[in-house]
$ cat final.pdb   # PDB, C-alpha atoms
ATOM      1  CA  MET A   1      -8.922 -14.882  -3.891
ATOM      2  CA  THR A   2      -5.761 -15.738  -5.811
ATOM      3  CA  ASN A   3      -5.710 -19.352  -6.983
ATOM      4  CA  GLN A   4      -2.643 -21.517  -7.477
ATOM      5  CA  THR A   5      -2.236 -20.673 -11.164
ATOM      6  CA  GLU A   6      -2.476 -16.944 -10.507
ATOM      7  CA  LEU A   7       0.005 -17.235  -7.652
ATOM      8  CA  MET A   8       2.503 -19.104  -9.817
ATOM      9  CA  THR A   9       2.074 -16.467 -12.539
ATOM     10  CA  LEU A  10       2.684 -13.705  -9.995
ATOM     11  CA  LEU A  11       5.836 -15.425  -8.758
ATOM     12  CA  GLN A  12       7.103 -15.782 -12.312
ATOM     13  CA  VAL A  13       6.684 -12.147 -13.341
ATOM     14  CA  THR A  14       7.961 -10.684 -10.056
ATOM     15  CA  ASP A  15      10.985 -12.957  -9.762
ATOM     16  CA  SER A  16      14.365 -11.235 -10.017
ATOM     17  CA  THR A  17      15.120 -13.309 -13.138
ATOM     18  CA  PHE A  18      12.173 -11.753 -15.011
ATOM     19  CA  PRO A  19      13.875  -9.070 -17.159
ATOM     20  CA  THR A  20      12.462  -5.639 -16.343
ATOM     21  CA  GLY A  21      15.545  -3.446 -16.513
ATOM     22  CA  ALA A  22      15.417  -2.745 -12.768
ATOM     23  CA  PHE A  23      18.831  -4.390 -12.298
ATOM     24  CA  GLY A  24      20.581  -1.276 -13.612
ATOM     25  CA  PHE A  25      19.078   1.128 -11.059
ATOM     26  CA  SER A  26      19.529   1.471  -7.306
ATOM     27  CA  GLY A  27      16.988   4.231  -6.695
ATOM     28  CA  GLY A  28      19.587   6.374  -4.945
ATOM     29  CA  LEU A  29      21.021   3.599  -2.767
ATOM     30  CA  GLU A  30      24.362   3.676  -4.570
ATOM     31  CA  ARG A  31      24.929   7.317  -3.631
ATOM     32  CA  LEU A  32      23.687   6.814  -0.068
ATOM     33  CA  THR A  33      26.046   3.867   0.315
ATOM     34  CA  GLY A  34      28.963   5.823  -1.113
ATOM     35  CA  ASP A  35      28.271   8.727   1.238
ATOM     36  CA  GLY A  36      28.124   6.413   4.249
ATOM     37  CA  TRP A  37      24.425   6.778   5.002
ATOM     38  CA  ILE A  38      23.822   3.076   4.401
ATOM     39  CA  LYS A  39      26.463   0.881   5.986
ATOM     40  CA  ASP A  40      24.423  -2.069   7.152
ATOM     41  CA  ALA A  41      20.981  -3.638   7.372
ATOM     42  CA  GLY A  42      19.802  -1.021   9.846
ATOM     43  CA  GLY A  43      20.589   1.858   7.513
ATOM     44  CA  LEU A  44      18.881   0.160   4.579
ATOM     45  CA  THR A  45      15.786  -0.672   6.642
ATOM     46  CA  LYS A  46      15.464   2.945   7.749
ATOM     47  CA  VAL A  47      15.575   4.260   4.175
ATOM     48  CA  LEU A  48      13.129   1.674   2.851
ATOM     49  CA  MET A  49      10.615   2.111   5.662
ATOM     50  CA  GLU A  50      10.774   5.882   5.968
ATOM     51  CA  GLU A  51      11.148   6.847   2.307
ATOM     52  CA  LEU A  52      10.502   4.073  -0.201
ATOM     53  CA  ILE A  53       7.421   2.376   1.250
ATOM     54  CA  PRO A  54       5.548   5.643   2.007
ATOM     55  CA  ARG A  55       6.336   6.920  -1.501
ATOM     56  CA  TRP A  56       5.044   3.702  -3.048
ATOM     57  CA  PHE A  57       1.761   3.783  -1.120
ATOM     58  CA  GLU A  58       1.174   7.480  -1.753
ATOM     59  CA  PHE A  59       2.273   7.604  -5.414
ATOM     60  CA  ASP A  60       2.974   4.342  -7.259
ATOM     61  CA  ARG A  61       0.054   2.451  -5.766
ATOM     62  CA  TYR A  62      -2.412   5.040  -7.074
ATOM     63  CA  TYR A  63      -1.218   4.515 -10.638
ATOM     64  CA  VAL A  64      -0.896   0.735 -10.402
ATOM     65  CA  CYS A  65      -4.514   0.447  -9.252
ATOM     66  CA  HIS A  66      -5.970   2.958 -11.705
ATOM     67  CA  ALA A  67      -4.033   1.435 -14.615
ATOM     68  CA  HIS A  68      -5.379  -1.982 -13.611
ATOM     69  CA  ARG A  69      -8.927  -0.577 -13.710
ATOM     70  CA  ALA A  70      -8.313   1.202 -17.027
ATOM     71  CA  SER A  71      -6.778  -1.748 -18.831
ATOM     72  CA  GLY A  72      -8.057  -1.759 -22.405
ATOM     73  CA  ASP A  73      -8.888   1.972 -22.331
ATOM     74  CA  LEU A  74      -5.905   3.463 -24.148
ATOM     75  CA  ALA A  75      -7.084   7.060 -23.691
ATOM     76  CA  ARG A  76      -7.349   6.646 -19.904
ATOM     77  CA  LEU A  77      -4.016   4.847 -19.716
ATOM     78  CA  ALA A  78      -2.405   7.683 -21.672
ATOM     79  CA  GLU A  79      -3.918  10.208 -19.261
ATOM     80  CA  LEU A  80      -2.531   8.332 -16.260
ATOM     81  CA  ASP A  81       0.840   7.903 -17.948
ATOM     82  CA  ARG A  82       1.106  11.640 -18.672
ATOM     83  CA  SER A  83       0.308  12.342 -15.032
ATOM     84  CA  VAL A  84       3.178  10.106 -13.894
ATOM     85  CA  ASP A  85       5.533  11.764 -16.359
ATOM     86  CA  ALA A  86       4.578  15.273 -15.245
ATOM     87  CA  GLN A  87       5.391  14.441 -11.629
ATOM     88  CA  MET A  88       8.707  12.719 -12.348
ATOM     89  CA  TYR A  89      10.730  15.900 -11.872
ATOM     90  CA  MET A  90      13.970  14.035 -11.128
ATOM     91  CA  PRO A  91      15.498  12.942 -14.475
ATOM     92  CA  ALA A  92      17.174   9.906 -12.898
ATOM     93  CA  LEU A  93      13.903   8.621 -11.448
ATOM     94  CA  ARG A  94      12.031   9.389 -14.682
ATOM     95  CA  ASP A  95      14.604   7.459 -16.719
ATOM     96  CA  ALA A  96      14.431   4.530 -14.312
ATOM     97  CA  SER A  97      10.627   4.456 -14.415
ATOM     98  CA  LEU A  98      10.613   4.471 -18.209
ATOM     99  CA  THR A  99      13.344   1.857 -18.540
ATOM    100  CA  ILE A 100      11.668  -0.484 -16.055
ATOM    101  CA  GLY A 101       8.201   0.064 -17.503
ATOM    102  CA  ARG A 102       9.254  -0.508 -21.083
ATOM    103  CA  GLY A 103      11.518  -3.413 -20.139
ATOM    104  CA  THR A 104       8.667  -5.053 -18.257
ATOM    105  CA  LEU A 105       6.306  -4.545 -21.179
ATOM    106  CA  THR A 106       8.794  -5.926 -23.727
ATOM    107  CA  SER A 107       9.280  -9.054 -21.635
ATOM    108  CA  HIS A 108       5.528  -9.517 -21.313
ATOM    109  CA  ALA A 109       5.087  -9.106 -25.064
ATOM    110  CA  ARG A 110       7.696 -11.800 -25.678
ATOM    111  CA  ARG A 111       6.012 -13.949 -23.047
ATOM    112  CA  GLY A 112       2.739 -13.580 -24.935
ATOM    113  CA  THR A 113       0.802 -11.696 -22.268
ATOM    114  CA  THR A 114      -2.517 -10.662 -23.806
ATOM    115  CA  GLY A 115      -2.674  -7.132 -25.213
ATOM    116  CA  THR A 116       0.888  -6.120 -24.415
ATOM    117  CA  SER A 117       2.024  -5.973 -28.044
ATOM    118  CA  LYS A 118      -0.661  -3.336 -28.667
ATOM    119  CA  ILE A 119       0.618  -1.259 -25.739
ATOM    120  CA  LEU A 120       4.188  -1.624 -26.974
ATOM    121  CA  THR A 121       3.088  -0.292 -30.359
ATOM    122  CA  ALA A 122       1.370   2.663 -28.649
ATOM    123  CA  ILE A 123       4.671   3.537 -26.945
ATOM    124  CA  GLN A 124       6.574   3.242 -30.199
ATOM    125  CA  ASP A 125       4.005   5.525 -31.852
ATOM    126  CA  GLY A 126       4.380   8.096 -29.070
ATOM    127  CA  ASP A 127       0.889   7.617 -27.639
ATOM    128  CA  LEU A 128       2.229   6.391 -24.281
ATOM    129  CA  PHE A 129       5.399   6.959 -22.270
ATOM    130  CA  GLY A 130       5.336   3.555 -20.568
ATOM    131  CA  HIS A 131       6.083   4.413 -16.943
ATOM    132  CA  ALA A 132       6.592   1.494 -14.555
ATOM    133  CA  PRO A 133       3.442   1.744 -12.373
ATOM    134  CA  ILE A 134       1.216   2.052 -15.448
ATOM    135  CA  ILE A 135       2.741  -1.035 -17.035
ATOM    136  CA  GLN A 136       2.584  -2.952 -13.752
ATOM    137  CA  GLY A 137      -1.122  -2.228 -13.414
ATOM    138  CA  LEU A 138      -2.150  -3.065 -16.948
ATOM    139  CA  THR A 139      -0.021  -6.222 -17.190
ATOM    140  CA  GLY A 140      -1.461  -7.450 -13.899
ATOM    141  CA  HIS A 141      -4.932  -7.113 -15.384
ATOM    142  CA  ALA A 142      -3.800  -8.769 -18.610
ATOM    143  CA  LEU A 143      -2.510 -11.741 -16.617
ATOM    144  CA  GLY A 144      -5.900 -12.157 -14.954
ATOM    145  CA  LEU A 145      -4.617 -11.043 -11.560
ATOM    146  CA  ASP A 146      -7.008  -9.080  -9.386
ATOM    147  CA  GLU A 147      -6.148  -5.563  -8.253
ATOM    148  CA  GLU A 148      -4.925  -6.562  -4.786
ATOM    149  CA  THR A 149      -2.626  -9.261  -6.151
ATOM    150  CA  THR A 150      -1.262  -6.847  -8.745
ATOM    151  CA  GLU A 151      -0.511  -4.310  -6.007
ATOM    152  CA  VAL A 152       1.356  -6.880  -3.946
ATOM    153  CA  GLY A 153       3.413  -7.947  -6.941
ATOM    154  CA  ALA A 154       4.324  -4.357  -7.804
ATOM    155  CA  LEU A 155       5.502  -3.498  -4.291
ATOM    156  CA  HIS A 156       7.347  -6.805  -3.989
ATOM    157  CA  GLY A 157       9.258  -6.032  -7.172
ATOM    158  CA  VAL A 158      10.251  -2.570  -5.962
ATOM    159  CA  LEU A 159      11.444  -3.843  -2.588
ATOM    160  CA  MET A 160      13.365  -6.742  -4.098
ATOM    161  CA  SER A 161      15.142  -4.524  -6.639
ATOM    162  CA  HIS A 162      16.332  -2.150  -3.910
ATOM    163  CA  VAL A 163      17.391  -4.870  -1.492
ATOM    164  CA  SER A 164      19.180  -6.755  -4.288
ATOM    165  CA  ALA A 165      21.005  -3.546  -5.239
ATOM    166  CA  ALA A 166      22.161  -3.100  -1.640
ATOM    167  CA  VAL A 167      23.470  -6.675  -1.552
ATOM    168  CA  ARG A 168      25.342  -6.185  -4.853
ATOM    169  CA  MET A 169      26.953  -3.030  -3.494
ATOM    170  CA  GLY A 170      28.150  -4.857  -0.388
ATOM    171  CA  SER A 171      26.065  -2.890   2.116
ATOM    172  CA  LEU A 172      24.871  -6.176   3.602
ATOM    173  CA  GLY A 173      24.953  -9.890   2.892
ATOM    174  CA  ALA A 174      22.166 -11.978   1.435
ATOM    175  CA  LEU A 175      21.307 -13.473   4.818
ATOM    176  CA  GLU A 176      21.258 -10.024   6.429
ATOM    177  CA  ALA A 177      18.763  -8.939   3.785
ATOM    178  CA  LEU A 178      16.135 -11.404   5.005
ATOM    179  CA  PRO A 179      15.159  -9.561   8.219
ATOM    180  CA  VAL A 180      15.158  -6.285   6.256
ATOM    181  CA  LEU A 181      12.530  -7.705   3.921
ATOM    182  CA  SER A 182      10.566  -9.105   6.869
ATOM    183  CA  GLN A 183      10.400  -5.688   8.517
ATOM    184  CA  CYS A 184       9.344  -4.087   5.233
ATOM    185  CA  VAL A 185       6.559  -6.634   4.823
ATOM    186  CA  LYS A 186       5.281  -5.807   8.306
ATOM    187  CA  ALA A 187       5.425  -2.080   7.572
ATOM    188  CA  ALA A 188       3.509  -2.564   4.332
ATOM    189  CA  ALA A 189       0.936  -4.829   5.986
ATOM    190  CA  SER A 190      -0.259  -1.967   8.169
ATOM    191  CA  ARG A 191      -1.034   0.156   5.104
ATOM    192  CA  TRP A 192      -2.896  -2.182   2.742
ATOM    193  CA  GLU A 193      -6.282  -1.232   4.191
ATOM    194  CA  GLU A 194      -5.720   2.458   3.502
ATOM    195  CA  HIS A 195      -7.852   4.001   0.793
ATOM    196  CA  LEU A 196      -6.133   5.215  -2.329
ATOM    197  CA  PRO A 197      -5.415   8.940  -2.104
ATOM    198  CA  ASP A 198      -7.662  11.203  -4.151
ATOM    199  CA  HIS A 199      -4.536  12.547  -5.783
ATOM    200  CA  PRO A 200      -1.124  10.861  -5.976
ATOM    201  CA  HIS A 201       1.674  12.563  -4.103
ATOM    202  CA  SER A 202       5.123  11.716  -2.831
ATOM    203  CA  PHE A 203       7.695  13.245  -0.540
ATOM    204  CA  SER A 204      10.930  11.275  -0.349
ATOM    205  CA  PRO A 205      13.615  13.971  -0.552
ATOM    206  CA  PHE A 206      16.375  11.777   0.834
ATOM    207  CA  LEU A 207      16.050   9.206  -1.952
ATOM    208  CA  ASP A 208      15.191  11.786  -4.620
ATOM    209  CA  ILE A 209      18.318  13.855  -3.990
ATOM    210  CA  ALA A 210      20.483  10.746  -3.785
ATOM    211  CA  ALA A 211      19.098   9.451  -7.085
ATOM    212  CA  SER A 212      19.689  12.790  -8.815
ATOM    213  CA  ARG A 213      23.275  12.829  -7.591
TER     214      ARG A 213
END
$ encode --input "final.pdb" --output "C-alpha cells"
Amino acid sequence: MTNQTELMTLLQVTDSTFPTGAFGFSGGLERLTGDGWIKDAGGLTKVLMEELIPRWFEFDRYYVCHAHRASGDLARLAELDRSVDAQMYMPALRDASLTIGRGTLTSHARRGTTGTSKILTAIQDGDLFGHAPIIQGLTGHALGLDEETTEVGALHGVLMSHVSAAVRMGSLGALEALPVLSQCVKAAASRWEEHLPDHPHSFSPFLDIAASR
C-alpha cells in the first residue's frame, strides 16, 4: 500500500516538470497529425488505446517490472537492457528510449536518488545502454516504491508525454485532453490484473511507422 510520502514522491518524479527528455519526442504523433490521422480528441484516443497502451502492457511493463526486481544486480539489469535494445528496431524509437532513460537517470542522480550515480557511471562506461523502461523500474525501486506503484508511474508518464505532445501540436486543447486521459485510465484499469508475459513483445505498426517517418 502506497503511503503519503511515497505518493508525493511518485507525483514529483512523474510530473511533466520533472526533466526526462520526453518533451522532445511525440512517439509518432507529429507525423500522424501532419498526415491528418489525428485531428481531434477522438483520433488521439483511438491511437493511444489501440496502439500505445497495448504496446506498453506487452513490452514496456515487462521490463519495468523485471528491472524493479533486479535493482542492485548490475549483470541482470545489463541483460534486460540489452534485450530492450535488441528489440528496438526503429531507430527513432530507440533514440527516444535512450534519451528519456538517460535523461530520467541524470535527473534522479542530481536529485540524490539512491544508487543512480552508480548506474549513470555504468552507462558512461558502456556497461548499460540506459533504456527508459529499465531506468523507470530501477529508479522506482531506489525511491522505495513498490512494483505496482512503479508500474503506474511509468505508464502515467508515457500517457502524459503523448497527450502533452498532441496539445502542443494543436490537435486538441488542454480541456479536450482530460476525457482522453480518463478513457485511457479506464482502458489500462482492465489490464492491471494480467500476468506479465513470459516474453516481451509488441505490435504497434501504426505508431512505429509514423515514428520512423
$ closest_residue --input "final.pdb" --among "A:Asp60, A:Glu6, A:Glu51, A:Asp208" --to "A:Glu151" --atoms "all atoms listed in the file"
A:Asp60
$ atom_distance --input "final.pdb" --atom1 "atom CA of A:Ala41" --atom2 "atom CA of A:Gly170"
10.6 Å
$ resolve_selection --input "final.pdb" --expression "the PyMOL selection byres ((chain A and resi 191-203) around 12)" --output "ChimeraX atom specification"
/A:49-66,80,83-84,86-89,147-149,151-152,155,184-190,204-209
$ closest_residue --input "final.pdb" --among "A:Lys118, A:Gly27, A:Ile100, A:Gly130" --to "A:Glu79" --atoms "only C-alpha atoms"
A:Gly130
$ residues_near_point --input "final.pdb" --point "(23.9, -8.2, 4.5)" --cutoff "12 Å" --atoms "all atoms listed in the file" --output "PyMOL selection string"
chain A and resi 38-45+163-181
$ closest_residue --input "final.pdb" --among "A:Ala154, A:Pro19, A:Gln136, A:Gly36" --to "A:Thr106" --atoms "all atoms listed in the file"
A:Pro19
$ resolve_selection --input "final.pdb" --expression "the PyMOL selection byres ((chain A and resi 69-74) around 9)" --output "ChimeraX atom specification"
/A:64-68,75-79,115,119,122,127-128,137-139,141-142,147
$ write_last_selection --input "final.pdb" --atoms "C-alpha atoms" --output "PDB file, in the coordinates of the input"
ATOM      1  CA  VAL A  64      -0.896   0.735 -10.402  1.00  0.00           C
ATOM      2  CA  CYS A  65      -4.514   0.447  -9.252  1.00  0.00           C
ATOM      3  CA  HIS A  66      -5.970   2.958 -11.705  1.00  0.00           C
ATOM      4  CA  ALA A  67      -4.033   1.435 -14.615  1.00  0.00           C
ATOM      5  CA  HIS A  68      -5.379  -1.982 -13.611  1.00  0.00           C
ATOM      6  CA  ALA A  75      -7.084   7.060 -23.691  1.00  0.00           C
ATOM      7  CA  ARG A  76      -7.349   6.646 -19.904  1.00  0.00           C
ATOM      8  CA  LEU A  77      -4.016   4.847 -19.716  1.00  0.00           C
ATOM      9  CA  ALA A  78      -2.405   7.683 -21.672  1.00  0.00           C
ATOM     10  CA  GLU A  79      -3.918  10.208 -19.261  1.00  0.00           C
ATOM     11  CA  GLY A 115      -2.674  -7.132 -25.213  1.00  0.00           C
ATOM     12  CA  ILE A 119       0.618  -1.259 -25.739  1.00  0.00           C
ATOM     13  CA  ALA A 122       1.370   2.663 -28.649  1.00  0.00           C
ATOM     14  CA  ASP A 127       0.889   7.617 -27.639  1.00  0.00           C
ATOM     15  CA  LEU A 128       2.229   6.391 -24.281  1.00  0.00           C
ATOM     16  CA  GLY A 137      -1.122  -2.228 -13.414  1.00  0.00           C
ATOM     17  CA  LEU A 138      -2.150  -3.065 -16.948  1.00  0.00           C
ATOM     18  CA  THR A 139      -0.021  -6.222 -17.190  1.00  0.00           C
ATOM     19  CA  HIS A 141      -4.932  -7.113 -15.384  1.00  0.00           C
ATOM     20  CA  ALA A 142      -3.800  -8.769 -18.610  1.00  0.00           C
ATOM     21  CA  GLU A 147      -6.148  -5.563  -8.253  1.00  0.00           C
TER      22      GLU A 147
END
$ axis_aligned_box --input "final.pdb" --around "stretch 97-110 of chain A" --padding-each-side "3 Å" --output "JSON"
{"center_x": 9.2, "center_y": -3.7, "center_z": -20.0, "size_x": 14.3, "size_y": 22.3, "size_z": 17.3}
$ atom_distance --input "final.pdb" --atom1 "atom CA of A:Thr104" --atom2 "atom CA of A:Thr14"
10.0 Å
$ closest_residue --input "final.pdb" --among "A:Leu48, A:Thr150, A:His156, A:Gly28" --to "A:Ala96" --atoms "only C-alpha atoms"
A:Gly28
$ resolve_selection --input "final.pdb" --expression "the PyMOL selection byres ((chain A and resi 9) around 12)" --output "PyMOL selection string"
chain A and resi 2-8+10-15+18+108+111+113+139-140+142-145+149-150+153
$ write_last_selection --input "final.pdb" --atoms "C-alpha atoms" --output "short mmCIF file (atom, residue, chain, number, x, y, z; two decimals), in the coordinates of the input"
data_model
loop_
_atom_site.label_atom_id
_atom_site.label_comp_id
_atom_site.auth_asym_id
_atom_site.auth_seq_id
_atom_site.Cartn_x
_atom_site.Cartn_y
_atom_site.Cartn_z
CA THR A 2 -5.76 -15.74 -5.81
CA ASN A 3 -5.71 -19.35 -6.98
CA GLN A 4 -2.64 -21.52 -7.48
CA THR A 5 -2.24 -20.67 -11.16
CA GLU A 6 -2.48 -16.94 -10.51
CA LEU A 7 0.00 -17.24 -7.65
CA MET A 8 2.50 -19.10 -9.82
CA LEU A 10 2.68 -13.70 -9.99
CA LEU A 11 5.84 -15.42 -8.76
CA GLN A 12 7.10 -15.78 -12.31
CA VAL A 13 6.68 -12.15 -13.34
CA THR A 14 7.96 -10.68 -10.06
CA ASP A 15 10.98 -12.96 -9.76
CA PHE A 18 12.17 -11.75 -15.01
CA HIS A 108 5.53 -9.52 -21.31
CA ARG A 111 6.01 -13.95 -23.05
CA THR A 113 0.80 -11.70 -22.27
CA THR A 139 -0.02 -6.22 -17.19
CA GLY A 140 -1.46 -7.45 -13.90
CA ALA A 142 -3.80 -8.77 -18.61
CA LEU A 143 -2.51 -11.74 -16.62
CA GLY A 144 -5.90 -12.16 -14.95
CA LEU A 145 -4.62 -11.04 -11.56
CA THR A 149 -2.63 -9.26 -6.15
CA THR A 150 -1.26 -6.85 -8.74
CA GLY A 153 3.41 -7.95 -6.94
#
$ closest_residue --input "final.pdb" --among "A:Ser97, A:Val47, A:Thr114, A:Phe129" --to "A:Arg82" --atoms "all atoms listed in the file"
A:Phe129
$ atom_distance --input "final.pdb" --atom1 "atom CA of A:Arg94" --atom2 "atom CA of A:Gly34"
22.0 Å
